[in-house]
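A.B. asks: Below you'll find the structure I mean.
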Amino acid sequence: MYHRLSLIAQALAVGLAAIGIALAPGYLEIFTLMQVTLFAAMAVLSLSLAFIWGYGGILSFGQTAFFGLGGYTYAIAAINFQDSTYGILLAIFIPGLFAAILGYFVFYGRISDVYLGVITLTVTLILFNVINSTSGDEYHIGTAMLGGFNGIPAVPTFNMPFDPASPLSPEASWWTTGSMLLIVYLGLRLLLASPFGRVVVAVRENEVRASLLGYDPRMIRLITFIIGGAVAGLAGALYVNWGAFVGPTIFSLSLSAEIIIWITIGGLGTLLGPVLGCFLIQYIVASIGSQQTFNSNLVLGAVLIIFVLLLPKGLVPTIRDLALWLLAAKPGTGRSVKAELNAASGNPHPVGAP
């Protein structure tokens, strides 16, 4: 019963999201539409970490490494090819390739999760310092000057596929970014529902048992890490398209911390939660930035503390548990709903047992 209701709710949510993406330009001012476009691009980034951390058990403190690589790859490719189509494809491929190389040494080197976080954080710092030191005229890739701390300005924005003469309008950019967010969400959802997705979760729960069943946990985690890197690279391209600029701050540690906050608030182990958490926090930060009364970092810290203390599971898991509890409280509720409630709450005893 609960599973059927969950599928109906998810289908309804996807349908409403598709309608919202299609109709938003007709109801939002151009400034608000551009803000929402930024939120959607960052939500794609949140999904990249939500997948590898919430389902793969891989906590990457340096997800902005792949985000920044995607942004710079898109900018350099778009300037050289004068066509965003190649830039988008390379922005997915290059971070994915980098994640494959880094992940190979990490996972096949049997480095523990704690050191994995330190390594990804260090890689982000290295990339920040490398890009920040490329301010001379000799630092260029093709016709694209890297610019050092000044970044790369006037990056060509998205155009129609293989048609550089037809750049996208702000409304079309929103449709593209919103659609990419929906496609990534559905793609990850379908991947997790596949046999491979179940193996990913199994490896997270118990690597030894997964290996005894014939799976290679190192390869599974590596593939998971690559997918997360590729999705983060796509988010980087969407971000650069929004601002037509990329600089070393795209590798910032503060953004890495923000991604973790988005997921913590939205709910670890879900895909919808990080998207909602991202939109919520980005909206709060944007609202605070328009006035000088409060410091945004102080407000973010307070919000995080409140959620950790009052809603440790995050928004989506808490709402899910509440819905299960309400269903289980109804007379004649089947055992499946009560079992689902027990599993969600971590209670080994049946509902209603003393």
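Ordering of the structure tokens sets the chain letters (A, B, ...), residue numbers begin anew at 1 in every chain, and ligands are numbered from 1 in the order given.
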List the neighbours of Ala210 of chain A out to 12 Å using only C-alpha atoms; skip same-chain residues closer than 3 positions along the sequence, and give me the result as a PyMOL selection string.

C.D. replies: chain A and resi 198-207+213-221

A.B. asks: Counting only C-alpha atoms, which of A:Ile88, A:Leu7, A:Leu222, A:Leu304 gets nearest to Pro161 of chain A?

C.D. replies: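 Once distances to Pro161 of chain A are computed over only C-alpha atoms, the minimum belongs to A:Ile88.
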
A.B. asks: In Å, rounded to a single decimal, give me how far atom CA of Leu238 of chain A is from atom CA of Ala172 of chain A.

C.D. replies: 12.5 Å

A.B. asks: Point out the residue among A:Ile260, A:Leu59, A:Val240, A:Ala24 with the least atom-to-atom distance to Trp175 of chain A, counting only C-alpha atoms.

C.D. replies: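 The answer is A:Ala24, which sits nearest to Trp175 of chain A.
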
A.B. asks: Could you state the separation of atom CA of Ala11 of chain A and atom CA of Phe279 of chain A in Å, given to one decimal place?

C.D. replies: 20.4 Å

A.B. asks: Which residues are near segment 113-116 of chain A? Cut-off 10 Å, only C-alpha atoms, ignore same chain within fewer than 5 positions. Put them as a ChimeraX atom specification.

C.D. replies: /A:57-62,103,106-107,121-122

A.B. asks: Can I get the selected residues back with N, CA and C atoms, as a PDB file, in the first residue's frame?

C.D. replies:
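Okay, this is what ended up in again.pdb:
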```
ATOM      1  N   GLY A  57      27.513   5.922   0.175  1.00  0.00           N
ATOM      2  CA  GLY A  57      28.292   5.999   1.405  1.00  0.00           C
ATOM      3  C   GLY A  57      29.650   6.652   1.224  1.00  0.00           C
ATOM      4  N   ILE A  58      29.811   7.471   0.176  1.00  0.00           N
ATOM      5  CA  ILE A  58      31.086   8.130  -0.117  1.00  0.00           C
ATOM      6  C   ILE A  58      30.936   9.612   0.186  1.00  0.00           C
ATOM      7  N   LEU A  59      31.498  10.063   1.290  1.00  0.00           N
ATOM      8  CA  LEU A  59      31.417  11.475   1.656  1.00  0.00           C
ATOM      9  C   LEU A  59      32.606  12.214   1.054  1.00  0.00           C
ATOM     10  N   SER A  60      32.318  13.012   0.035  1.00  0.00           N
ATOM     11  CA  SER A  60      33.348  13.807  -0.633  1.00  0.00           C
ATOM     12  C   SER A  60      33.252  15.244  -0.133  1.00  0.00           C
ATOM     13  N   PHE A  61      34.295  15.690   0.553  1.00  0.00           N
ATOM     14  CA  PHE A  61      34.324  17.080   1.016  1.00  0.00           C
ATOM     15  C   PHE A  61      34.736  18.029  -0.106  1.00  0.00           C
ATOM     16  N   GLY A  62      35.158  17.477  -1.232  1.00  0.00           N
ATOM     17  CA  GLY A  62      35.634  18.312  -2.330  1.00  0.00           C
ATOM     18  C   GLY A  62      34.839  18.129  -3.602  1.00  0.00           C
ATOM     19  N   GLY A 103      39.447   8.280  -8.216  1.00  0.00           N
ATOM     20  CA  GLY A 103      38.759   7.201  -7.520  1.00  0.00           C
ATOM     21  C   GLY A 103      39.500   5.881  -7.607  1.00  0.00           C
ATOM     22  N   VAL A 106      42.101   5.882  -4.979  1.00  0.00           N
ATOM     23  CA  VAL A 106      41.499   5.931  -3.645  1.00  0.00           C
ATOM     24  C   VAL A 106      40.878   4.591  -3.267  1.00  0.00           C
ATOM     25  N   PHE A 107      40.026   4.065  -4.136  1.00  0.00           N
ATOM     26  CA  PHE A 107      39.273   2.859  -3.788  1.00  0.00           C
ATOM     27  C   PHE A 107      40.114   1.592  -3.916  1.00  0.00           C
ATOM     28  N   LEU A 121      39.140  17.007  -0.360  1.00  0.00           N
ATOM     29  CA  LEU A 121      39.286  18.389   0.096  1.00  0.00           C
ATOM     30  C   LEU A 121      40.622  18.961  -0.356  1.00  0.00           C
ATOM     31  N   THR A 122      41.681  18.162  -0.255  1.00  0.00           N
ATOM     32  CA  THR A 122      43.006  18.611  -0.672  1.00  0.00           C
ATOM     33  C   THR A 122      43.062  18.850  -2.173  1.00  0.00           C
TER      34      THR A 122
END
```

A.B. asks: Pick from A:Leu309, A:Ala22, A:Gly243, A:Phe162: nearest to Leu89 of chain A, with only C-alpha atoms counted?

C.D. replies: A:Phe162

A.B. asks: So which one's closest to Ile223 of chain A, A:Val316, A:Ala144, A:Ala328, A:Leu97? Using only C-alpha atoms, please.

C.D. replies: A:Leu97

A.B. asks: Check segment 142-306 of chain A with DSSP on the backbone and list each residue it calls alpha helix (DSSP H), as a ChimeraX atom specification.

C.D. replies: /A:170-193,195-205,207-212,217-243,253-266,272-289,296-306

A.B. asks: Please write the residues from the selection above to a file, keeping C-alpha atoms, as an mmCIF file, in the first residue's frame.

C.D. replies:
```cif
data_model
loop_
_atom_site.group_PDB
_atom_site.id
_atom_site.type_symbol
_atom_site.label_atom_id
_atom_site.label_comp_id
_atom_site.auth_asym_id
_atom_site.auth_seq_id
_atom_site.Cartn_x
_atom_site.Cartn_y
_atom_site.Cartn_z
ATOM 1 C CA PRO A 170 16.993 33.683 -20.497
ATOM 2 C CA GLU A 171 13.690 31.831 -20.750
ATOM 3 C CA ALA A 172 15.235 29.071 -22.864
ATOM 4 C CA SER A 173 18.180 28.869 -20.466
ATOM 5 C CA TRP A 174 15.725 28.277 -17.625
ATOM 6 C CA TRP A 175 13.947 25.558 -19.589
ATOM 7 C CA THR A 176 17.298 23.928 -20.313
ATOM 8 C CA THR A 177 18.559 24.117 -16.730
ATOM 9 C CA GLY A 178 15.247 23.059 -15.203
ATOM 10 C CA SER A 179 14.948 20.179 -17.652
ATOM 11 C CA MET A 180 18.496 19.063 -16.885
ATOM 12 C CA LEU A 181 17.640 19.031 -13.182
ATOM 13 C CA LEU A 182 14.561 16.916 -13.820
ATOM 14 C CA ILE A 183 16.441 14.568 -16.163
ATOM 15 C CA VAL A 184 19.280 14.062 -13.674
ATOM 16 C CA TYR A 185 16.794 13.417 -10.871
ATOM 17 C CA LEU A 186 14.829 10.874 -12.908
ATOM 18 C CA GLY A 187 18.021 9.285 -14.235
ATOM 19 C CA LEU A 188 19.419 8.765 -10.749
ATOM 20 C CA ARG A 189 16.040 7.537 -9.523
ATOM 21 C CA LEU A 190 15.886 4.937 -12.311
ATOM 22 C CA LEU A 191 19.507 3.975 -11.707
ATOM 23 C CA LEU A 192 18.820 3.367 -8.021
ATOM 24 C CA ALA A 193 15.782 1.256 -8.911
ATOM 25 C CA PRO A 195 19.946 -3.963 -10.057
ATOM 26 C CA PHE A 196 23.097 -1.816 -10.105
ATOM 27 C CA GLY A 197 21.481 0.731 -7.790
ATOM 28 C CA ARG A 198 20.564 -1.999 -5.328
ATOM 29 C CA VAL A 199 24.157 -3.214 -5.385
ATOM 30 C CA VAL A 200 25.367 0.328 -4.687
ATOM 31 C CA VAL A 201 23.211 0.456 -1.562
ATOM 32 C CA ALA A 202 24.272 -3.079 -0.590
ATOM 33 C CA VAL A 203 27.940 -2.099 -0.772
ATOM 34 C CA ARG A 204 27.220 0.918 1.389
ATOM 35 C CA GLU A 205 25.522 -1.262 3.988
ATOM 36 C CA GLU A 207 31.057 -4.383 1.743
ATOM 37 C CA VAL A 208 32.015 -7.830 3.041
ATOM 38 C CA ARG A 209 28.600 -9.364 2.349
ATOM 39 C CA ALA A 210 28.500 -7.735 -1.097
ATOM 40 C CA SER A 211 31.904 -9.200 -1.951
ATOM 41 C CA LEU A 212 30.810 -12.647 -0.727
ATOM 42 C CA PRO A 217 32.908 -3.220 -3.861
ATOM 43 C CA ARG A 218 35.853 -1.213 -5.164
ATOM 44 C CA MET A 219 34.512 -1.203 -8.713
ATOM 45 C CA ILE A 220 30.974 -0.405 -7.559
ATOM 46 C CA ARG A 221 32.188 2.536 -5.486
ATOM 47 C CA LEU A 222 34.411 3.727 -8.336
ATOM 48 C CA ILE A 223 31.512 3.738 -10.811
ATOM 49 C CA THR A 224 29.362 5.562 -8.253
ATOM 50 C CA PHE A 225 32.099 8.139 -7.755
ATOM 51 C CA ILE A 226 32.451 8.641 -11.525
ATOM 52 C CA ILE A 227 28.716 9.231 -11.933
ATOM 53 C CA GLY A 228 28.809 11.799 -9.123
ATOM 54 C CA GLY A 229 31.764 13.575 -10.727
ATOM 55 C CA ALA A 230 30.086 13.692 -14.142
ATOM 56 C CA VAL A 231 26.856 15.109 -12.685
ATOM 57 C CA ALA A 232 28.846 17.747 -10.763
ATOM 58 C CA GLY A 233 30.630 18.667 -14.014
ATOM 59 C CA LEU A 234 27.263 19.169 -15.730
ATOM 60 C CA ALA A 235 26.242 21.430 -12.844
ATOM 61 C CA GLY A 236 29.420 23.449 -13.410
ATOM 62 C CA ALA A 237 28.502 24.010 -17.060
ATOM 63 C CA LEU A 238 24.970 25.080 -16.069
ATOM 64 C CA TYR A 239 26.413 27.492 -13.504
ATOM 65 C CA VAL A 240 28.819 29.104 -15.998
ATOM 66 C CA ASN A 241 26.010 29.424 -18.531
ATOM 67 C CA TRP A 242 24.000 31.321 -15.907
ATOM 68 C CA GLY A 243 26.700 33.891 -15.167
ATOM 69 C CA LEU A 253 35.570 25.394 0.344
ATOM 70 C CA SER A 254 32.591 27.412 1.533
ATOM 71 C CA LEU A 255 30.558 26.022 -1.356
ATOM 72 C CA SER A 256 31.680 22.491 -0.482
ATOM 73 C CA ALA A 257 30.363 23.056 3.031
ATOM 74 C CA GLU A 258 27.108 24.493 1.685
ATOM 75 C CA ILE A 259 26.423 21.355 -0.346
ATOM 76 C CA ILE A 260 26.681 19.256 2.815
ATOM 77 C CA ILE A 261 24.285 21.666 4.548
ATOM 78 C CA TRP A 262 21.769 21.333 1.690
ATOM 79 C CA ILE A 263 21.809 17.559 1.989
ATOM 80 C CA THR A 264 21.687 17.563 5.793
ATOM 81 C CA ILE A 265 18.655 19.844 5.812
ATOM 82 C CA GLY A 266 16.854 18.126 2.937
ATOM 83 C CA LEU A 272 14.295 15.036 -3.457
ATOM 84 C CA GLY A 273 15.545 16.247 -0.067
ATOM 85 C CA PRO A 274 18.844 17.765 -1.296
ATOM 86 C CA VAL A 275 17.002 19.559 -4.110
ATOM 87 C CA LEU A 276 14.538 21.093 -1.653
ATOM 88 C CA GLY A 277 17.352 21.876 0.787
ATOM 89 C CA CYS A 278 19.327 23.590 -1.967
ATOM 90 C CA PHE A 279 16.395 25.744 -3.084
ATOM 91 C CA LEU A 280 15.534 26.629 0.520
ATOM 92 C CA ILE A 281 19.058 27.623 1.558
ATOM 93 C CA GLN A 282 19.793 29.461 -1.691
ATOM 94 C CA TYR A 283 16.569 31.431 -1.257
ATOM 95 C CA ILE A 284 17.479 32.310 2.328
ATOM 96 C CA VAL A 285 20.994 33.401 1.310
ATOM 97 C CA ALA A 286 19.637 35.484 -1.587
ATOM 98 C CA SER A 287 17.058 37.138 0.691
ATOM 99 C CA ILE A 288 19.667 37.926 3.331
ATOM 100 C CA GLY A 289 22.019 39.292 0.676
ATOM 101 C CA SER A 296 24.282 35.029 5.913
ATOM 102 C CA ASN A 297 26.880 32.676 7.422
ATOM 103 C CA LEU A 298 25.435 33.245 10.895
ATOM 104 C CA VAL A 299 21.924 32.465 9.662
ATOM 105 C CA LEU A 300 23.126 29.337 7.839
ATOM 106 C CA GLY A 301 24.824 28.123 10.989
ATOM 107 C CA ALA A 302 21.690 28.718 13.034
ATOM 108 C CA VAL A 303 19.502 26.914 10.473
ATOM 109 C CA LEU A 304 21.873 23.941 10.434
ATOM 110 C CA ILE A 305 21.919 23.694 14.238
ATOM 111 C CA ILE A 306 18.124 23.869 14.418
#
```

A.B. asks: Need to verify the contact set: segment 150-156 of chain A, 12 Å, only C-alpha atoms, exclusion of same-chain residues closer than 3 positions in sequence. Can you return it as a PyMOL selection string?

C.D. replies: chain A and resi 68+71-85+87-88+128+131-136+139-141+143-147+159+164-168+237-251

A.B. asks: Just list the residues in segment 138-213 of chain A DSSP gives strand (DSSP E) on the backbone, as a list in words.

C.D. replies: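 Result set for segment 138-213 of chain A (strand (DSSP E)): His140, Ile141, Ala144, Met145, Asn159, Met160, Asp163, Pro164, Ala165, Ser166 and Pro167 of chain A.
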
A.B. asks: Within 10 Å of Thr270 of chain A, counting only C-alpha atoms, which residues show up once you throw out same-chain ones fewer than 6 positions away? Write them as a PyMOL selection string, please.

C.D. replies: chain A and resi 47+50-51+54-55+189+263+314+316-317

A.B. asks: Let me see the file: selected residues, N, CA, C and O atoms, as a short mmCIF file (atom, residue, chain, number, x, y, z; two decimals), in the first residue's frame.

C.D. replies:
```cif
data_model
loop_
_atom_site.label_atom_id
_atom_site.label_comp_id
_atom_site.auth_asym_id
_atom_site.auth_seq_id
_atom_site.Cartn_x
_atom_site.Cartn_y
_atom_site.Cartn_z
N LEU A 47 22.54 17.05 -6.16
CA LEU A 47 22.21 15.67 -6.50
C LEU A 47 23.46 14.82 -6.67
O LEU A 47 23.44 13.62 -6.37
N ALA A 50 24.44 13.97 -3.22
CA ALA A 50 23.37 13.18 -2.60
C ALA A 50 23.45 11.74 -3.06
O ALA A 50 23.19 10.81 -2.28
N PHE A 51 23.81 11.51 -4.31
CA PHE A 51 23.89 10.16 -4.85
C PHE A 51 25.07 9.40 -4.25
O PHE A 51 24.91 8.29 -3.74
N GLY A 54 24.63 9.73 0.00
CA GLY A 54 23.42 9.15 0.59
C GLY A 54 23.20 7.71 0.21
O GLY A 54 22.67 6.92 1.01
N TYR A 55 23.61 7.31 -1.01
CA TYR A 55 23.37 5.95 -1.46
C TYR A 55 24.65 5.13 -1.61
O TYR A 55 24.63 3.92 -1.45
N ARG A 189 17.11 8.33 -10.13
CA ARG A 189 16.04 7.54 -9.52
C ARG A 189 15.91 6.18 -10.22
O ARG A 189 15.79 5.14 -9.57
N ILE A 263 22.20 18.96 1.87
CA ILE A 263 21.81 17.56 1.99
C ILE A 263 21.36 17.24 3.41
O ILE A 263 20.39 16.51 3.63
N GLY A 314 16.33 15.27 8.51
CA GLY A 314 16.09 16.16 7.40
C GLY A 314 14.61 16.28 7.07
O GLY A 314 13.77 15.56 7.63
N VAL A 316 12.65 15.74 4.16
CA VAL A 316 11.93 14.70 3.43
C VAL A 316 11.76 13.43 4.26
O VAL A 316 10.64 12.89 4.34
N PRO A 317 12.82 12.89 4.90
CA PRO A 317 12.61 11.69 5.72
C PRO A 317 11.64 11.92 6.88
O PRO A 317 10.88 11.02 7.24
#
```
